[in-house]
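Heads up, run.txt below (compact mmCIF, C-alpha atoms):
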# COMPACT_ATOMS: atom_id res chain seq x y z
CA MET N 1217 102.55 -23.25 -37.84
CA ARG N 1218 103.65 -19.67 -38.52
CA ALA N 1219 102.17 -18.00 -41.59
CA VAL N 1220 101.95 -14.53 -43.12
CA ARG N 1221 98.30 -13.85 -43.97
CA PHE N 1222 96.58 -11.06 -45.87
CA HIS N 1223 93.28 -9.94 -44.32
CA ALA N 1224 92.62 -6.55 -45.90
CA ALA N 1225 94.41 -3.44 -47.13
CA ARG N 1226 97.23 -2.55 -44.73
CA ASP N 1227 96.32 -5.63 -42.70
CA ILE N 1228 98.92 -8.37 -43.03
CA ARG N 1229 99.45 -10.50 -39.94
CA VAL N 1230 101.98 -13.10 -38.84
CA GLU N 1231 99.73 -15.74 -37.30
CA ASP N 1232 99.74 -19.23 -35.89
CA VAL N 1233 97.51 -21.35 -38.14
CA PRO N 1234 96.81 -25.08 -38.41
CA PRO N 1235 99.25 -26.85 -40.74
CA PRO N 1236 97.97 -28.49 -43.91
CA PRO N 1237 96.74 -32.06 -43.55
CA GLU N 1238 99.13 -34.87 -44.50
CA ASN N 1239 96.40 -37.00 -46.06
CA LEU N 1240 97.16 -35.73 -49.56
CA ALA N 1241 95.08 -36.11 -52.70
CA PRO N 1242 96.83 -38.30 -55.31
CA ASP N 1243 98.09 -35.26 -57.26
CA GLU N 1244 99.19 -33.14 -54.29
CA VAL N 1245 102.61 -32.39 -52.81
CA LEU N 1246 103.33 -31.26 -49.24
CA VAL N 1247 106.31 -28.90 -49.09
CA GLU N 1248 108.34 -26.93 -46.56
CA PRO N 1249 109.19 -23.52 -48.09
CA PHE N 1250 112.77 -22.29 -47.90
CA CYS N 1251 112.32 -18.63 -48.82
CA THR N 1252 109.78 -16.43 -50.56
CA GLY N 1253 110.06 -13.18 -52.49
CA ILE N 1254 107.68 -10.28 -51.95
CA CYS N 1255 106.12 -9.50 -55.34
CA GLY N 1256 104.63 -6.30 -56.74
CA THR N 1257 101.27 -8.07 -56.74
CA ASP N 1258 101.64 -8.65 -53.00
CA LEU N 1259 102.35 -4.94 -52.58
CA HIS N 1260 99.21 -4.02 -54.54
CA GLU N 1261 97.16 -6.25 -52.25
CA TYR N 1262 98.72 -4.64 -49.18
CA VAL N 1263 98.06 -1.12 -50.39
CA ALA N 1264 94.64 -1.47 -52.03
CA GLY N 1265 93.44 -5.06 -51.69
CA PRO N 1266 91.69 -7.30 -51.92
CA ILE N 1267 92.30 -7.18 -55.68
CA VAL N 1268 93.48 -10.63 -56.73
CA THR N 1269 92.95 -12.29 -53.36
CA PRO N 1270 89.34 -13.55 -53.37
CA LYS N 1271 86.64 -12.03 -51.16
CA THR N 1272 84.30 -14.84 -52.23
CA PRO N 1273 85.35 -18.43 -53.02
CA HIS N 1274 87.61 -18.54 -56.06
CA VAL N 1275 85.93 -20.04 -59.12
CA PHE N 1276 88.58 -22.75 -59.56
CA THR N 1277 90.30 -23.24 -56.19
CA GLY N 1278 87.57 -22.23 -53.74
CA ALA N 1279 90.05 -20.11 -51.76
CA VAL N 1280 88.92 -17.04 -49.84
CA ILE N 1281 90.69 -14.48 -47.67
CA PRO N 1282 92.43 -14.44 -45.25
CA GLN N 1283 95.12 -15.61 -47.65
CA ILE N 1284 98.57 -17.00 -46.85
CA LEU N 1285 100.84 -14.95 -49.10
CA GLY N 1286 103.81 -16.01 -51.17
CA HIS N 1287 103.95 -17.19 -54.77
CA GLU N 1288 107.68 -16.71 -55.48
CA PHE N 1289 109.25 -19.51 -53.48
CA SER N 1290 111.44 -22.57 -53.31
CA ALA N 1291 110.82 -25.50 -51.01
CA ARG N 1292 111.75 -29.01 -49.95
CA VAL N 1293 109.31 -31.82 -50.65
CA LYS N 1294 107.98 -33.36 -47.44
CA LYS N 1295 105.42 -35.83 -48.79
CA VAL N 1296 103.79 -36.68 -52.13
CA GLY N 1297 100.42 -38.04 -53.19
CA ALA N 1298 100.02 -41.52 -54.63
CA ALA N 1299 100.01 -40.34 -58.26
CA VAL N 1300 103.11 -38.11 -58.01
CA SER N 1301 106.27 -39.60 -59.49
CA HIS N 1302 108.47 -36.74 -60.73
CA VAL N 1303 109.45 -35.56 -57.23
CA LYS N 1304 109.97 -37.40 -53.94
CA PRO N 1305 110.45 -36.46 -50.27
CA GLY N 1306 113.70 -34.59 -49.80
CA ASP N 1307 113.80 -33.07 -53.29
CA ARG N 1308 114.32 -29.34 -53.68
CA ILE N 1309 111.87 -27.55 -55.92
CA SER N 1310 110.92 -24.17 -57.30
CA VAL N 1311 107.19 -23.56 -57.21
CA GLN N 1312 105.43 -22.70 -60.46
CA PRO N 1313 102.43 -21.14 -58.69
CA LEU N 1314 99.71 -20.97 -61.36
CA LEU N 1315 96.71 -23.29 -60.94
CA PHE N 1316 94.43 -23.99 -63.86
CA PRO N 1317 91.96 -26.34 -65.52
CA ARG N 1318 93.44 -28.52 -68.22
CA ASP N 1319 90.20 -29.11 -70.08
CA ASP N 1320 89.01 -25.62 -71.04
CA TYR N 1321 89.79 -23.85 -74.33
CA TYR N 1322 93.22 -22.62 -73.19
CA GLY N 1323 94.17 -25.69 -71.21
CA LYS N 1324 93.59 -27.96 -74.20
CA ARG N 1325 96.05 -25.78 -76.13
CA GLY N 1326 98.72 -25.67 -73.43
CA LEU N 1327 98.05 -21.96 -72.78
CA TYR N 1328 97.40 -22.60 -69.11
CA HIS N 1329 98.32 -19.08 -67.97
CA LEU N 1330 95.48 -17.62 -70.07
CA SER N 1331 92.63 -19.57 -68.51
CA PRO N 1332 89.99 -17.18 -67.10
CA LYS N 1333 89.66 -19.59 -64.15
CA MET N 1334 93.36 -19.46 -63.29
CA GLY N 1335 94.30 -19.30 -59.63
CA CYS N 1336 97.66 -18.83 -57.94
CA VAL N 1337 99.38 -20.35 -54.93
CA GLY N 1338 99.86 -17.57 -52.38
CA LEU N 1339 97.13 -15.38 -53.87
CA SER N 1340 94.04 -17.50 -54.53
CA TRP N 1341 94.82 -20.93 -53.05
CA ALA N 1342 94.53 -22.26 -49.51
CA TRP N 1343 98.31 -22.21 -49.05
CA GLY N 1344 101.26 -19.97 -49.82
CA GLY N 1345 105.01 -19.76 -49.55
CA MET N 1346 105.10 -17.50 -46.49
CA ALA N 1347 104.34 -20.38 -44.15
CA GLU N 1348 106.19 -23.29 -42.63
CA ARG N 1349 104.32 -25.76 -44.83
CA ALA N 1350 102.15 -25.66 -47.94
CA VAL N 1351 100.26 -28.04 -50.20
CA ILE N 1352 100.58 -27.61 -53.96
CA LYS N 1353 99.57 -29.54 -57.06
CA ASP N 1354 101.98 -31.94 -58.75
CA TYR N 1355 102.48 -29.58 -61.71
CA ASN N 1356 103.42 -26.75 -59.34
CA ALA N 1357 106.46 -28.69 -58.11
CA GLN N 1358 109.39 -28.03 -60.45
CA PRO N 1359 112.65 -29.81 -59.50
CA ILE N 1360 115.78 -27.68 -59.47
CA PRO N 1361 119.39 -28.82 -59.93
CA ASP N 1362 121.72 -29.11 -56.95
CA THR N 1363 123.75 -26.20 -58.33
CA LEU N 1364 120.90 -23.74 -57.73
CA SER N 1365 120.60 -22.08 -54.33
CA GLU N 1366 117.32 -21.81 -52.45
CA GLU N 1367 117.15 -18.11 -53.30
CA GLN N 1368 117.80 -18.72 -56.99
CA GLY N 1369 115.00 -21.27 -56.95
CA ALA N 1370 112.63 -18.70 -55.45
CA MET N 1371 113.62 -16.17 -58.11
CA ILE N 1372 112.56 -18.34 -61.05
CA GLU N 1373 108.97 -17.08 -60.85
CA PRO N 1374 109.68 -13.34 -61.27
CA ALA N 1375 112.43 -14.23 -63.75
CA ALA N 1376 109.77 -15.98 -65.83
CA VAL N 1377 107.81 -12.72 -66.09
CA ALA N 1378 110.88 -10.86 -67.32
CA LEU N 1379 112.03 -13.54 -69.73
CA TYR N 1380 108.56 -13.80 -71.27
CA GLY N 1381 108.71 -10.09 -72.10
CA VAL N 1382 112.15 -10.45 -73.65
CA ASP N 1383 110.96 -13.45 -75.65
CA ARG N 1384 107.89 -11.60 -76.89
CA GLY N 1385 110.09 -8.71 -77.95
CA GLY N 1386 112.29 -11.02 -80.00
CA VAL N 1387 115.48 -9.81 -78.32
CA ARG N 1388 118.44 -11.64 -79.82
CA ALA N 1389 122.19 -11.36 -80.30
CA GLY N 1390 123.04 -7.79 -81.28
CA SER N 1391 119.66 -6.26 -80.36
CA THR N 1392 119.39 -2.72 -79.05
CA VAL N 1393 117.00 -2.49 -76.12
CA LEU N 1394 115.35 0.09 -73.88
CA VAL N 1395 114.08 -1.02 -70.48
CA SER N 1396 111.76 1.57 -68.96
CA GLY N 1397 111.82 1.16 -65.18
CA ALA N 1398 114.47 -0.38 -62.94
CA GLY N 1399 112.26 -1.97 -60.32
CA PRO N 1400 112.58 -5.70 -59.61
CA ILE N 1401 110.96 -6.79 -62.89
CA GLY N 1402 112.84 -4.12 -64.83
CA ALA N 1403 116.12 -5.30 -63.31
CA LEU N 1404 115.34 -8.93 -64.17
CA THR N 1405 114.36 -7.83 -67.68
CA VAL N 1406 117.78 -6.22 -68.08
CA LEU N 1407 119.45 -9.49 -67.04
CA ALA N 1408 117.18 -11.49 -69.36
CA ALA N 1409 117.91 -9.17 -72.30
CA LYS N 1410 121.63 -9.53 -71.70
CA ALA N 1411 121.26 -13.33 -71.53
CA ALA N 1412 119.43 -13.20 -74.88
CA GLY N 1413 122.39 -11.40 -76.44
CA ALA N 1414 121.41 -7.73 -76.43
CA ALA N 1415 124.36 -5.56 -77.47
CA LEU N 1416 123.03 -2.29 -76.06
CA ILE N 1417 120.71 -1.91 -73.06
CA ILE N 1418 119.47 1.53 -72.03
CA VAL N 1419 117.61 1.84 -68.73
CA SER N 1420 115.30 4.77 -68.03
CA GLU N 1421 114.68 5.25 -64.31
CA PRO N 1422 113.97 8.47 -62.38
CA ASN N 1423 114.90 7.09 -58.94
CA PRO N 1424 118.62 7.65 -58.21
CA ASN N 1425 118.89 4.68 -55.85
CA ARG N 1426 117.45 2.34 -58.44
CA ARG N 1427 119.79 3.75 -61.09
CA ARG N 1428 122.67 3.07 -58.71
CA ILE N 1429 121.50 -0.48 -58.00
CA ILE N 1430 120.99 -1.40 -61.65
CA ALA N 1431 124.42 0.04 -62.52
CA GLU N 1432 125.93 -2.22 -59.83
CA ILE N 1433 123.95 -5.28 -60.95
CA ALA N 1434 124.52 -4.68 -64.66
CA PRO N 1435 127.50 -2.35 -65.24
CA TYR N 1436 127.06 -2.73 -69.01
CA VAL N 1437 123.81 -0.70 -69.09
CA VAL N 1438 123.43 2.97 -69.98
CA THR N 1439 121.28 4.60 -67.31
CA VAL N 1440 119.12 7.64 -68.02
CA ASP N 1441 117.23 9.92 -65.65
CA PRO N 1442 114.17 10.88 -67.73
CA ARG N 1443 113.49 13.89 -65.51
CA THR N 1444 116.80 15.61 -66.23
CA GLN N 1445 117.90 13.99 -69.50
CA ASN N 1446 116.22 13.75 -72.88
CA LEU N 1447 115.69 10.02 -73.23
CA ILE N 1448 114.97 10.14 -76.95
CA GLU N 1449 118.15 12.12 -77.65
CA VAL N 1450 120.18 9.56 -75.70
CA VAL N 1451 118.54 6.74 -77.66
CA ARG N 1452 119.27 8.47 -80.97
CA ASP N 1453 122.87 9.11 -80.01
CA LEU N 1454 123.43 5.44 -79.17
CA THR N 1455 121.61 3.73 -82.05
CA GLU N 1456 122.64 3.30 -85.66
CA GLU N 1457 121.72 6.38 -87.72
CA GLY N 1458 119.67 7.53 -84.75
CA VAL N 1459 116.73 5.29 -85.66
CA GLY N 1460 115.90 4.10 -82.15
CA VAL N 1461 116.06 0.79 -80.35
CA ASP N 1462 114.90 -2.53 -81.77
CA VAL N 1463 112.86 -3.36 -78.67
CA ALA N 1464 111.47 -1.22 -75.84
CA LEU N 1465 110.27 -3.06 -72.72
CA GLU N 1466 107.82 -1.16 -70.53
CA CYS N 1467 108.30 -2.36 -66.94
CA VAL N 1468 106.53 0.37 -64.94
CA GLY N 1469 102.85 0.21 -65.83
CA LEU N 1470 102.46 3.95 -66.38
CA GLU N 1471 101.17 5.89 -69.37
CA ALA N 1472 104.26 8.11 -69.62
CA SER N 1473 106.52 5.06 -69.62
CA LEU N 1474 104.51 3.34 -72.36
CA ASN N 1475 104.60 6.44 -74.56
CA ALA N 1476 108.33 6.87 -73.96
CA CYS N 1477 108.83 3.34 -75.25
CA ALA N 1478 106.83 4.11 -78.40
CA ASP N 1479 108.93 7.25 -78.92
CA ALA N 1480 112.21 5.38 -78.44
CA VAL N 1481 111.63 2.35 -80.63
CA ARG N 1482 112.67 2.34 -84.29
CA ARG N 1483 110.24 1.89 -87.17
CA GLN N 1484 109.02 -1.71 -87.26
CA GLY N 1485 110.42 -2.18 -83.79
CA LYS N 1486 108.56 -3.76 -80.88
CA VAL N 1487 107.13 -2.29 -77.69
CA VAL N 1488 106.50 -4.90 -75.01
CA GLN N 1489 104.19 -4.27 -72.07
CA VAL N 1490 105.69 -6.10 -69.09
CA GLY N 1491 104.51 -3.84 -66.27
CA LEU N 1492 100.81 -4.08 -65.45
CA HIS N 1493 98.74 -0.95 -66.06
CA ILE N 1494 96.04 -0.36 -63.46
CA LYS N 1495 94.70 2.69 -65.34
CA ARG N 1496 93.78 3.28 -68.97
CA ALA N 1497 96.63 4.80 -70.96
CA SER N 1498 96.20 7.57 -73.52
CA VAL N 1499 98.46 6.78 -76.47
CA ASP N 1500 99.29 8.22 -79.89
CA ALA N 1501 97.97 5.39 -82.07
CA MET N 1502 98.80 7.36 -85.21
CA GLN N 1503 102.44 7.37 -84.21
CA TRP N 1504 102.28 3.59 -83.81
CA ALA N 1505 100.88 3.37 -87.33
CA LEU N 1506 103.40 5.75 -88.88
CA LYS N 1507 106.27 3.84 -87.28
CA ASP N 1508 104.70 0.48 -88.18
CA ILE N 1509 105.54 -0.83 -84.70
CA THR N 1510 104.31 -3.96 -82.99
CA LEU N 1511 102.87 -3.83 -79.48
CA GLU N 1512 103.23 -7.06 -77.49
CA ALA N 1513 101.20 -7.40 -74.29
CA THR N 1514 102.12 -10.07 -71.73
CA TRP N 1515 100.27 -11.81 -68.93
CA CYS N 1516 102.21 -13.98 -66.48
CA TYR N 1517 104.30 -16.53 -68.42
CA PRO N 1518 104.14 -19.92 -70.11
CA VAL N 1519 104.34 -22.41 -67.25
CA GLN N 1520 106.69 -24.61 -69.31
CA SER N 1521 109.54 -22.11 -68.90
CA TRP N 1522 110.79 -23.34 -65.48
CA PRO N 1523 113.41 -25.88 -66.68
CA ARG N 1524 114.78 -23.42 -69.23
CA ILE N 1525 115.21 -20.67 -66.65
CA ALA N 1526 116.79 -23.09 -64.17
CA ARG N 1527 119.36 -24.02 -66.85
CA MET N 1528 120.06 -20.36 -67.60
CA ILE N 1529 120.63 -19.60 -63.92
CA ALA N 1530 122.80 -22.68 -63.43
CA SER N 1531 124.96 -21.71 -66.41
CA GLY N 1532 125.57 -18.24 -64.96
CA THR N 1533 123.98 -16.41 -67.89
CA PHE N 1534 120.96 -15.26 -65.86
CA PRO N 1535 122.23 -14.13 -62.42
CA VAL N 1536 118.79 -13.51 -60.90
CA GLU N 1537 120.11 -13.53 -57.33
CA LYS N 1538 121.70 -10.12 -57.94
CA VAL N 1539 118.26 -8.52 -57.72
CA ILE N 1540 117.85 -9.54 -54.05
CA THR N 1541 118.61 -6.55 -51.83
CA ALA N 1542 117.47 -7.82 -48.40
CA ARG N 1543 116.68 -11.02 -46.52
CA ILE N 1544 114.29 -10.90 -43.57
CA ASP N 1545 112.46 -13.11 -41.11
CA ALA N 1546 108.69 -13.46 -41.44
CA ALA N 1547 108.26 -11.71 -38.09
CA ASP N 1548 109.50 -8.51 -39.74
CA VAL N 1549 107.54 -8.90 -42.98
CA VAL N 1550 105.47 -5.72 -42.65
CA ALA N 1551 108.02 -3.20 -41.36
CA LYS N 1552 111.14 -4.53 -43.08
CA GLY N 1553 109.38 -6.04 -46.07
CA PHE N 1554 106.22 -4.38 -47.37
CA GLU N 1555 106.85 -0.93 -45.91
CA ALA N 1556 110.49 -0.99 -46.98
CA LEU N 1557 109.48 -1.78 -50.57
CA LEU N 1558 106.92 1.02 -50.54
CA ASP N 1559 109.52 3.57 -49.42
CA PRO N 1560 109.80 6.10 -52.28
CA ALA N 1561 113.56 6.26 -51.68
CA GLY N 1562 113.75 2.99 -53.62
CA ASN N 1563 116.51 1.36 -51.59
CA HIS N 1564 115.28 -2.16 -52.34
CA LEU N 1565 114.34 -4.30 -55.32
CA LYS N 1566 113.58 -7.83 -54.13
CA ILE N 1567 113.18 -8.73 -50.47
CA VAL N 1568 113.21 -12.42 -49.57
CA VAL N 1569 111.31 -13.72 -46.54
CA ARG N 1570 112.08 -16.81 -44.48
CA THR N 1571 109.33 -18.35 -42.34
Please go through the file and, once you have read it, give me the structure as C-alpha cells.
Amino acid sequence: MRAVRFHAARDIRVEDVPPPPENLAPDEVLVEPFCTGICGTDLHEYVAGPIVTPKTPHVFTGAVIPQILGHEFSARVKKVGAAVSHVKPGDRISVQPLLFPRDDYYGKRGLYHLSPKMGCVGLSWAWGGMAERAVIKDYNAQPIPDTLSEEQGAMIEPAAVALYGVDRGGVRAGSTVLVSGAGPIGALTVLAAKAAGAALIIVSEPNPNRRRIIAEIAPYVVTVDPRTQNLIEVVRDLTEEGVGVDVALECVGLEASLNACADAVRRQGKVVQVGLHIKRASVDAMQWALKDITLEATWCYPVQSWPRIARMIASGTFPVEKVITARIDAADVVAKGFEALLDPAGNHLKIVVRT
C-alpha cells in the first residue's frame, strides 16, 4: 500500500509498504483513512527530527522510525476486533490519536493525555493516517455523525487543541480575547473563542497573508500587525476603561508573543499557552504578580472532547473546515505540503492530504 513515511530530517518518502495484517487483536480496528491534515508537529519532525518520532522503540507502543505520518485524520472502518462493539465495518470515524496506559497514575484519573508513556498514531505508533490503511485501538475510533464531512472529521484533532486552550482560559459569553498568532491553531482558536461566546477577538499576526486569511475566515476579528501597530494601544482602545482583555491565548510558541499576551491581559485575567515553546522564555514574573494574572499551560487535550467537538461542528458553531487552504494527493506531500507550509509567505494554514 502507499504510505508517507518519515525517515529523518528533510527525508519524507512516499513508499510502497506492506499493509497491516487483518488478524486483529480483540481491541483493534482496521481503518481506511479518508484524508489527513499536516500538523505543526509533523513540520517540526520534517525540519529538525526525529523529535517525537522514536529513534529507539517507544516505551509504550514499541514503534520506531521510519514512521508513517498522520495523526489528524478521518477514516472508514474496514474491520474490528472481537471485543469492539461501538463501531462496525462501514462506519465513518474521526481518529483520536493518543495512545496511553489506563492503569498508571494519570490513566486511573482519566487524565490520559498526561501519561509520560503516551504515544500517538502517526508519530509513535506502527501506523498513521497518511496511508491507505491503518490499525488503531478501539478508543482511537470516534464515530462521527452523517452530517460531518470527511474533512471536518479530520479537523477534530487540531480543533481539540484550540478548544482546550479556550476552555482553560475560561472564555465565555461576552469575553474579550486576544489571540497571538494566526497560524492553523491560532485560526482554530479564534473560531473556538467565537463559539464560546467571545464578544471581542483581537488577532495579532505579523504575516500579511495570514492576516488576510483570518479576516476572510472570521470577519468579526480585529487584526493587528504588531510590527507596525502598537498592540497594547489597540487593546486599550477596544476594552472597557482600557484595562486589557479578559483572556490572551498565545498560539505562536515564541517569547515575544508570550510577553505580549501578559502585557495585553487585564489584571486578574488569564494568559493561556497554546503554542508549544521549543526554547526557554524570559518573562517579567513581577508583572505577572502585580497584575495578579493566571497562566494556564496546555498539553494536547482531554481525549473525551471528541463528541463535543463533533456536535459543535455539526451545529455550525465551529466551522473548522474554513481553516483548510489546500487539498493535495500524497504523491505531492513534500513539495505541495510540507514545503508549502514552510514558505515564509504564509499562503496556507491547513493542508489536507489524501492517500
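Closest approach to Ser1301 (chain N) from the set N:Pro1236, N:Asp1354, N:Ile1228, N:Phe1289 is made by N:Asp1354, with distances taken over only C-alpha atoms.
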To one decimal in Å, tell me the separation between CA of Asp1500 (chain N) and CA of Lys1410 (chain N). 29.7 Å
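Among the candidates N:Ala1357, N:Ala1342, N:Gly1278, N:Lys1271, the residue lying nearest to His1302 (chain N) is N:Ala1357 (atoms considered: all atoms listed in the file).
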Please, which residues in region 1399-1507 of chain N fall within 12 Å of region 1241-1261 of chain N when counting only C-alpha atoms, and what is the closest atom pair and distance in Å to one decimal for each, ordered by chain then residue number, as a tab-separated table?
residue	atom	partner	partner_atom	distance
N:Gly1399	CA	N:Gly1256	CA	9.5
N:Pro1400	CA	N:Gly1256	CA	8.5
N:Ile1401	CA	N:Gly1256	CA	8.8
N:Gly1402	CA	N:Gly1256	CA	11.7
N:Cys1467	CA	N:Gly1256	CA	11.5
N:Val1468	CA	N:Gly1256	CA	10.7
N:Gly1469	CA	N:Gly1256	CA	11.3
N:Gly1491	CA	N:Gly1256	CA	9.8
N:Leu1492	CA	N:Thr1257	CA	9.6
N:His1493	CA	N:His1260	CA	11.9
N:Ile1494	CA	N:His1260	CA	10.1
Could you please determine the separation between CA of Leu1330 (chain N) and CA of Phe1222 (chain N) in Å, to one decimal place?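 Separation of CA of Leu1330 (chain N) and CA of Phe1222 (chain N): 25.1 Å.
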Compare N:Ala1375, N:Ala1279, N:Ala1542, N:Ala1561 by their minimum atom-to-atom distance to Pro1422 (chain N), counting all atoms listed in the file, and give me the closest one.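 Closest residue, counting all atoms listed in the file: N:Ala1561.
Between CA of Asn1446 (chain N) and CA of Gly1385 (chain N) lies a distance of 23.8 Å.
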For region 1310-1318 of chain N: contacts at 8 Å, all atoms listed in the file, fewer than 2 positions along chain excluded, given as a PyMOL selection string: chain N and resi 1276-1277+1287-1291+1308+1320+1322-1324+1326+1328-1329+1331+1333-1338+1353+1355-1360+1369-1370+1372-1373+1519+1522
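Compared by their closest atoms to Leu1416 (chain N), and using all atoms listed in the file, the residues N:Val1463, N:Leu1327, N:Ala1398, N:Val1488 rank with N:Val1463 nearest.
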Around the point (112.3, 4.1, -62.8) (coordinates from the file), which residues reach within 12 Å if we count only C-alpha atoms? Answer as number ranges by chain. N: 1395-1403, 1418-1430, 1439-1443, 1466-1470, 1472-1473, 1491, 1560-1562, 1565
If we count only C-alpha atoms and set the cut-off at 8 Å, which residues sit around Val1451 (chain N), ignoring sequence neighbours fewer than 4 positions away in its own chain? Please answer as a list in words.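 Answer for this query is Ile1418, Leu1447, Thr1455, Gly1458, Gly1460, Val1461 and Ala1480 of chain N.
Nearest-residue note for Ile1567 (chain N): choosing from N:Phe1554, N:Tyr1380, N:Tyr1517, N:Phe1534, the minimum distance belongs to N:Phe1554, counting all atoms listed in the file.
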Residues around (113.7, -13.1, -66.7), cut-off 6 Å, counting all atoms listed in the file - what are they as a PDB file with C-alpha atoms, keeping the file's coordinate frame?
ATOM      1  CA  ALA N1375     112.430 -14.230 -63.750  1.00  0.00           C
ATOM      2  CA  ALA N1376     109.770 -15.980 -65.830  1.00  0.00           C
ATOM      3  CA  VAL N1377     107.810 -12.720 -66.090  1.00  0.00           C
ATOM      4  CA  ALA N1378     110.880 -10.860 -67.320  1.00  0.00           C
ATOM      5  CA  LEU N1379     112.030 -13.540 -69.730  1.00  0.00           C
ATOM      6  CA  LEU N1404     115.340  -8.930 -64.170  1.00  0.00           C
ATOM      7  CA  THR N1405     114.360  -7.830 -67.680  1.00  0.00           C
ATOM      8  CA  ALA N1408     117.180 -11.490 -69.360  1.00  0.00           C
TER       9      ALA N1408
END
Nearest to Asp1479 (chain N) by atom-to-atom distance, counting only C-alpha atoms, from N:Glu1555, N:Asp1362, N:Glu1449, N:Glu1456: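 With only C-alpha atoms as the atom set, the closest residue is N:Glu1449.
Using all atoms listed in the file, the contacts of Ala1546 (chain N) at a cut-off of 7 Å, with sequence neighbours closer than 4 positions omitted, comprise N:Val1569, N:Arg1570, N:Thr1571.
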